[in-house]
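Listing of my_file23.pdb, PDB, C-alpha atoms
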```
ATOM      1  CA  MET A   1       0.000   0.000   0.000
ATOM      2  CA  VAL A   2       2.874   2.316   0.834
ATOM      3  CA  SER A   3       4.474   1.660  -2.552
ATOM      4  CA  GLY A   4       1.166   2.420  -4.251
ATOM      5  CA  LEU A   5       0.900   5.729  -2.396
ATOM      6  CA  VAL A   6       4.471   6.631  -3.382
ATOM      7  CA  LEU A   7       3.702   5.826  -7.020
ATOM      8  CA  LEU A   8       0.587   8.009  -6.890
ATOM      9  CA  LEU A   9       2.567  10.897  -5.429
ATOM     10  CA  VAL A  10       5.198  10.535  -8.182
ATOM     11  CA  ILE A  11       2.494  10.602 -10.874
ATOM     12  CA  VAL A  12       0.881  13.689  -9.325
ATOM     13  CA  ALA A  13       4.270  15.418  -9.148
ATOM     14  CA  ILE A  14       4.984  14.661 -12.804
ATOM     15  CA  LEU A  15       1.575  15.949 -13.887
ATOM     16  CA  GLY A  16       2.021  19.066 -11.775
ATOM     17  CA  ALA A  17       5.423  19.748 -13.324
ATOM     18  CA  GLY A  18       3.928  19.343 -16.799
ATOM     19  CA  VAL A  19       1.170  21.822 -16.052
ATOM     20  CA  ALA A  20       3.687  24.298 -14.634
ATOM     21  CA  VAL A  21       5.886  24.036 -17.702
ATOM     22  CA  GLY A  22       2.892  24.484 -19.974
ATOM     23  CA  LEU A  23       1.761  27.583 -18.105
ATOM     24  CA  SER A  24       5.252  29.080 -18.109
ATOM     25  CA  ARG A  25       5.567  28.534 -21.867
ATOM     26  CA  ARG A  26       2.192  30.135 -22.410
ATOM     27  CA  LYS A  27       3.298  33.158 -20.395
ATOM     28  CA  ARG A  28       6.471  33.446 -22.488
ATOM     29  CA  ASN A  29       4.544  33.204 -25.757
ATOM     30  CA  PRO A  30       3.493  36.779 -26.643
ATOM     31  CA  PHE A  31       0.950  35.518 -29.198
ATOM     32  CA  THR A  32      -1.326  34.433 -26.353
ATOM     33  CA  ASN A  33      -1.732  38.151 -25.631
ATOM     34  CA  GLN A  34      -4.443  39.555 -27.894
ATOM     35  CA  GLN A  35      -3.132  43.105 -27.571
ATOM     36  CA  PHE A  36       0.274  41.943 -28.789
ATOM     37  CA  VAL A  37      -1.351  40.048 -31.676
ATOM     38  CA  ASN A  38      -3.301  43.110 -32.772
ATOM     39  CA  GLN A  39      -0.201  45.298 -32.628
ATOM     40  CA  TRP A  40       1.856  42.700 -34.518
ATOM     41  CA  GLU A  41      -0.785  42.442 -37.262
ATOM     42  CA  GLN A  42      -0.868  46.214 -37.658
ATOM     43  CA  GLN A  43       2.918  46.331 -37.994
ATOM     44  CA  MET A  44       2.932  43.477 -40.501
ATOM     45  CA  ARG A  45       0.234  45.145 -42.614
ATOM     46  CA  ALA A  46       2.239  48.393 -42.565
ATOM     47  CA  LEU A  47       5.329  46.453 -43.670
ATOM     48  CA  GLU A  48       3.387  44.816 -46.496
ATOM     49  CA  ALA A  49       2.143  48.208 -47.667
ATOM     50  CA  SER A  50       5.590  49.822 -47.546
ATOM     51  CA  LEU A  51       7.315  47.055 -49.517
ATOM     52  CA  GLY A  52       4.527  45.824 -51.735
ATOM     53  CA  TRP A  53       5.127  42.303 -50.425
ATOM     54  CA  ARG A  54       2.588  40.055 -48.719
ATOM     55  CA  PHE A  55       2.611  37.880 -45.651
ATOM     56  CA  VAL A  56       1.938  34.189 -46.395
ATOM     57  CA  ALA A  57       1.309  31.230 -44.114
ATOM     58  CA  GLU A  58       2.132  28.525 -46.658
ATOM     59  CA  ASP A  59       5.644  27.077 -46.623
ATOM     60  CA  GLN A  60       7.750  28.848 -49.259
ATOM     61  CA  GLY A  61      10.569  26.296 -49.255
ATOM     62  CA  PHE A  62      13.197  28.402 -47.505
ATOM     63  CA  GLN A  63      15.313  25.350 -46.656
ATOM     64  CA  GLU A  64      15.254  24.191 -50.283
ATOM     65  CA  ARG A  65      16.043  27.627 -51.699
ATOM     66  CA  VAL A  66      19.122  28.102 -49.536
ATOM     67  CA  PRO A  67      20.057  24.583 -48.407
ATOM     68  CA  GLN A  68      23.420  25.610 -46.964
ATOM     69  CA  ILE A  69      21.614  27.905 -44.534
ATOM     70  CA  GLY A  70      18.599  25.634 -44.346
ATOM     71  CA  ARG A  71      20.620  22.766 -42.916
ATOM     72  CA  MET A  72      21.210  24.911 -39.831
ATOM     73  CA  LEU A  73      17.502  24.378 -39.110
ATOM     74  CA  GLU A  74      18.078  20.610 -38.880
ATOM     75  CA  ALA A  75      14.968  19.907 -40.986
ATOM     76  CA  ASP A  76      12.810  21.683 -38.389
ATOM     77  CA  ARG A  77      10.362  23.783 -40.403
ATOM     78  CA  SER A  78       8.803  25.173 -37.223
ATOM     79  CA  ARG A  79      11.878  27.398 -36.877
ATOM     80  CA  VAL A  80      10.800  29.351 -39.978
ATOM     81  CA  LYS A  81       8.377  31.692 -38.257
ATOM     82  CA  PHE A  82       7.055  34.281 -40.722
ATOM     83  CA  GLN A  83       7.323  34.702 -44.488
ATOM     84  CA  LEU A  84       6.850  37.560 -46.932
ATOM     85  CA  VAL A  85       6.855  37.155 -50.705
ATOM     86  CA  GLY A  86       6.863  39.718 -53.484
ATOM     87  CA  HIS A  87       9.097  41.441 -56.030
ATOM     88  CA  TRP A  88      11.844  44.024 -55.665
ATOM     89  CA  ARG A  89      13.221  45.862 -58.684
ATOM     90  CA  GLY A  90      11.439  43.293 -60.830
ATOM     91  CA  VAL A  91      13.032  40.300 -59.094
ATOM     92  CA  PRO A  92      11.100  37.766 -56.969
ATOM     93  CA  VAL A  93      12.027  37.962 -53.302
ATOM     94  CA  LEU A  94      11.370  35.921 -50.183
ATOM     95  CA  ALA A  95      11.848  37.277 -46.652
ATOM     96  CA  VAL A  96      11.630  35.022 -43.611
ATOM     97  CA  GLU A  97      12.029  35.215 -39.862
ATOM     98  CA  VAL A  98      13.980  32.176 -38.754
ATOM     99  CA  VAL A  99      15.472  30.829 -35.538
ATOM    100  CA  PHE A 100      19.050  29.499 -35.591
ATOM    101  CA  ARG A 101      20.977  27.579 -32.973
ATOM    102  CA  THR A 102      24.009  29.446 -31.702
ATOM    103  CA  ASP A 103      26.234  26.406 -31.296
ATOM    104  CA  ASN A 104      26.380  22.675 -31.915
ATOM    105  CA  VAL A 105      25.563  21.200 -28.506
ATOM    106  CA  VAL A 106      22.322  19.906 -27.065
ATOM    107  CA  THR A 107      21.938  22.792 -24.605
ATOM    108  CA  SER A 108      22.145  25.450 -27.329
ATOM    109  CA  GLU A 109      20.489  28.806 -27.187
ATOM    110  CA  TYR A 110      18.571  30.172 -30.168
ATOM    111  CA  ARG A 111      18.622  33.520 -31.944
ATOM    112  CA  THR A 112      16.131  35.096 -34.305
ATOM    113  CA  TYR A 113      17.291  36.276 -37.744
ATOM    114  CA  ALA A 114      15.639  37.977 -40.688
ATOM    115  CA  VAL A 115      16.720  36.588 -44.053
ATOM    116  CA  VAL A 116      16.050  37.943 -47.546
ATOM    117  CA  VAL A 117      16.436  35.605 -50.526
ATOM    118  CA  VAL A 118      16.653  36.423 -54.256
ATOM    119  CA  PRO A 119      17.529  34.238 -57.262
ATOM    120  CA  ARG A 120      21.192  33.882 -58.162
ATOM    121  CA  PRO A 121      21.875  34.951 -61.767
ATOM    122  CA  MET A 122      23.932  31.810 -62.437
ATOM    123  CA  PRO A 123      24.152  28.605 -60.369
ATOM    124  CA  GLY A 124      27.436  27.492 -58.899
ATOM    125  CA  PRO A 125      29.363  26.609 -55.726
ATOM    126  CA  TRP A 126      28.364  28.081 -52.401
ATOM    127  CA  VAL A 127      30.248  30.754 -50.463
ATOM    128  CA  LEU A 128      29.287  32.258 -47.112
ATOM    129  CA  ILE A 129      30.525  35.693 -46.043
ATOM    130  CA  SER A 130      29.585  36.399 -42.425
ATOM    131  CA  PRO A 131      30.472  39.030 -39.809
ATOM    132  CA  ARG A 132      33.421  37.853 -37.748
ATOM    133  CA  ASN A 133      31.684  38.770 -34.488
ATOM    134  CA  ASP A 134      28.570  36.679 -35.235
ATOM    135  CA  SER A 135      29.180  33.187 -33.854
ATOM    136  CA  VAL A 136      25.984  31.609 -35.174
ATOM    137  CA  TRP A 137      27.675  30.930 -38.524
ATOM    138  CA  GLY A 138      30.314  28.787 -36.853
ATOM    139  CA  LEU A 139      28.105  25.758 -37.583
ATOM    140  CA  PHE A 140      29.444  25.958 -41.131
ATOM    141  CA  GLU A 141      32.855  24.641 -42.166
ATOM    142  CA  GLN A 142      35.986  26.323 -40.815
ATOM    143  CA  PHE A 143      36.485  29.802 -42.259
ATOM    144  CA  VAL A 144      39.503  30.758 -44.396
ATOM    145  CA  GLU A 145      41.508  33.977 -44.622
ATOM    146  CA  THR A 146      41.302  35.997 -47.836
ATOM    147  CA  GLY A 147      44.631  37.781 -47.404
ATOM    148  CA  ASP A 148      42.982  41.191 -47.141
ATOM    149  CA  PRO A 149      43.614  42.206 -43.491
ATOM    150  CA  VAL A 150      40.812  44.767 -43.394
ATOM    151  CA  PHE A 151      38.274  42.383 -44.895
ATOM    152  CA  ASP A 152      39.454  39.470 -42.740
ATOM    153  CA  GLY A 153      39.153  41.678 -39.674
ATOM    154  CA  ARG A 154      35.470  42.217 -40.384
ATOM    155  CA  TYR A 155      34.304  39.046 -42.151
ATOM    156  CA  GLU A 156      34.783  35.292 -42.184
ATOM    157  CA  VAL A 157      34.623  33.377 -45.468
ATOM    158  CA  ARG A 158      33.555  29.759 -45.745
ATOM    159  CA  ARG A 159      33.511  27.899 -49.033
ATOM    160  CA  ARG A 160      33.596  24.450 -50.585
ATOM    161  CA  ASN A 161      35.341  25.433 -53.827
ATOM    162  CA  PRO A 162      38.530  27.494 -53.292
ATOM    163  CA  ALA A 163      38.889  28.481 -56.964
ATOM    164  CA  PHE A 164      35.358  29.838 -57.167
ATOM    165  CA  ALA A 165      35.636  31.702 -53.853
ATOM    166  CA  SER A 166      38.966  33.276 -54.843
ATOM    167  CA  ALA A 167      37.590  34.435 -58.182
ATOM    168  CA  LEU A 168      34.409  35.748 -56.582
ATOM    169  CA  LEU A 169      36.210  37.724 -53.895
ATOM    170  CA  GLY A 170      38.893  38.863 -56.329
ATOM    171  CA  SER A 171      36.285  40.406 -58.616
ATOM    172  CA  GLY A 172      36.162  43.497 -56.396
ATOM    173  CA  LEU A 173      33.519  42.117 -54.067
ATOM    174  CA  THR A 174      35.620  42.492 -50.912
ATOM    175  CA  GLN A 175      36.143  46.215 -51.433
ATOM    176  CA  ALA A 176      32.518  46.712 -52.432
ATOM    177  CA  LEU A 177      31.307  45.132 -49.175
ATOM    178  CA  LEU A 178      33.795  47.068 -47.064
ATOM    179  CA  GLN A 179      32.643  50.354 -48.576
ATOM    180  CA  ASP A 180      28.909  49.624 -48.476
ATOM    181  CA  PRO A 181      27.294  50.572 -45.138
ATOM    182  CA  ARG A 182      24.349  48.297 -45.936
ATOM    183  CA  ALA A 183      26.690  45.296 -45.566
ATOM    184  CA  ASN A 184      27.655  46.064 -41.959
ATOM    185  CA  GLY A 185      26.596  43.191 -39.727
ATOM    186  CA  VAL A 186      25.095  41.258 -42.658
ATOM    187  CA  ALA A 187      25.840  37.642 -43.559
ATOM    188  CA  ILE A 188      25.694  37.041 -47.311
ATOM    189  CA  ALA A 189      25.284  33.525 -48.664
ATOM    190  CA  PHE A 190      25.947  32.588 -52.269
ATOM    191  CA  ASP A 191      23.989  29.358 -52.315
ATOM    192  CA  GLU A 192      23.873  27.135 -55.373
ATOM    193  CA  HIS A 193      20.801  28.795 -56.923
ATOM    194  CA  ASN A 194      19.965  31.762 -54.695
ATOM    195  CA  LEU A 195      21.545  34.635 -52.793
ATOM    196  CA  ALA A 196      20.593  35.395 -49.207
ATOM    197  CA  ALA A 197      21.306  38.176 -46.717
ATOM    198  CA  ALA A 198      20.744  37.599 -43.006
ATOM    199  CA  VAL A 199      20.780  39.919 -39.994
ATOM    200  CA  PRO A 200      19.999  39.301 -36.315
ATOM    201  CA  GLY A 201      16.546  40.343 -35.188
ATOM    202  CA  PRO A 202      12.891  39.846 -36.092
ATOM    203  CA  LEU A 203      11.413  40.456 -39.517
ATOM    204  CA  LEU A 204       9.510  43.556 -38.462
ATOM    205  CA  GLN A 205      12.701  45.290 -37.336
ATOM    206  CA  ALA A 206      14.982  44.293 -40.203
ATOM    207  CA  PRO A 207      16.008  46.694 -43.020
ATOM    208  CA  LEU A 208      14.419  44.441 -45.622
ATOM    209  CA  ALA A 209      14.518  46.941 -48.492
ATOM    210  CA  HIS A 210      18.223  47.637 -47.882
ATOM    211  CA  LEU A 211      18.974  43.913 -47.742
ATOM    212  CA  ALA A 212      17.138  43.304 -51.010
ATOM    213  CA  ASP A 213      18.942  46.227 -52.654
ATOM    214  CA  LEU A 214      22.277  44.960 -51.349
ATOM    215  CA  LEU A 215      21.726  41.500 -52.791
ATOM    216  CA  LEU A 216      20.622  42.794 -56.174
ATOM    217  CA  ASP A 217      23.554  45.225 -56.340
ATOM    218  CA  VAL A 218      25.964  42.403 -55.451
ATOM    219  CA  ALA A 219      24.367  40.158 -58.072
ATOM    220  CA  GLY A 220      24.691  42.916 -60.650
ATOM    221  CA  ARG A 221      28.390  43.572 -60.058
ATOM    222  CA  VAL A 222      29.647  39.955 -59.951
ATOM    223  CA  PRO A 223      31.104  38.796 -63.329
ATOM    224  CA  TRP A 224      29.230  35.501 -63.269
ATOM    225  CA  GLN A 225      30.320  34.361 -66.729
ATOM    226  CA  ALA A 226      34.003  34.672 -65.792
ATOM    227  CA  LEU A 227      33.769  32.629 -62.570
ATOM    228  CA  PRO A 228      34.642  28.915 -62.374
ATOM    229  CA  ARG A 229      31.586  26.661 -62.534
ATOM    230  CA  GLY A 230      32.834  23.550 -60.768
TER     231      GLY A 230
END
```

What would the structure in this file look like if it were written as structure tokens?
Amino acid sequence: MVSGLVLLLVIVAILGAGVAVGLSRRKRNPFTNQQFVNQWEQQMRALEASLGWRFVAEDQGFQERVPQIGRMLEADRSRVKFQLVGHWRGVPVLAVEVVFRTDNVVTSEYRTYAVVVVPRPMPGPWVLISPRNDSVWGLFEQFVETGDPVFDGRYEVRRRNPAFASALLGSGLTQALLQDPRANGVAIAFDEHNLAAAVPGPLLQAPLAHLADLLLDVAGRVPWQALPRG
């Protein structure tokens, strides 16, 4: 009888802990607050109007469009929170709010990023250029030095194809990024078929128009035909 009572107390304790966790999560979730929801919707509608883009609930295939970044989500689509689609300067664009892990251990913390994606003019090998002080990108392969001390002091470069990365960076891209204030604090990914720009913070606070302009200006200045394809 004593053992049965102990078992009952254990079950009650487990259920109580579950309820407490559920309530704490609900408190931390701002979308359970109707006032917050109304304010968020107003801000999103204002953002849609200012950009000419639209908020969509359907999955837009972020992980497939930029698989090198998408693999950081570990196939967890729930970490893609919000999505906007539209056109910018005549080019289709996708903007998402996404949650990345900050390191590669089980007890990781997570950070919110806003990412803008546009088509890459020509497919090819991937290259990631990320701010040196942003550790979230350390989940990628080890970075390499470019030989430009100013650029290497600000950015880290990761790549699979050294010849392509050298030609890309040697096309004047390093100086262009150093001189462009829009690139400060921005990670730029040359994925196989798309270009992406990512900054810390939620979608509603990100400079989405500047990020889209930056990507399209980068795409327009890169001599794609002259770069190695392999």

Exercise. In Å, how far is it from CA of Gln179 in chain A to CA of Val136 in chain A?
Worked result: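 A separation of 24.0 Å between them.
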
Exercise. By how many Å are CA of Asp134 in chain A and CA of Ala197 in chain A apart?
Worked result: 13.7 Å

For this session: Can you work out which one of A:Arg54, A:Arg71, A:His193, A:Arg158 has the shortest atom-to-atom distance to Phe143 in chain A, counting all atoms listed in the file?
Result: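 Among the listed residues, the smallest separation from Phe143 in chain A belongs to A:Arg158.
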
Exercise. So which one's closest to Gln60 in chain A, A:Leu47, A:Gln42, A:Pro207, A:Val93? Using all atoms listed in the file, please.
Worked result: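 Closest to Gln60 in chain A of all the choices is A:Val93.
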
Exercise. Where does the PyMOL selection byres ((chain A and resi 160-165) around 9) land in this file, that is, which residues does it pick, as a list in words?
Worked result: Gly124, Pro125, Trp126, Val127, Glu141, Val157, Arg158, Arg159, Ser166, Ala167, Leu168, Leu169, Gly170, Leu227, Pro228, Arg229 and Gly230 of chain A

Exercise. Within 9 Å of Pro200 in chain A, counting only C-alpha atoms, which residues qualify if same-chain residues fewer than 2 places away don't, as a ChimeraX atom specification?
Worked result: /A:111-115,185-186,198,202,206
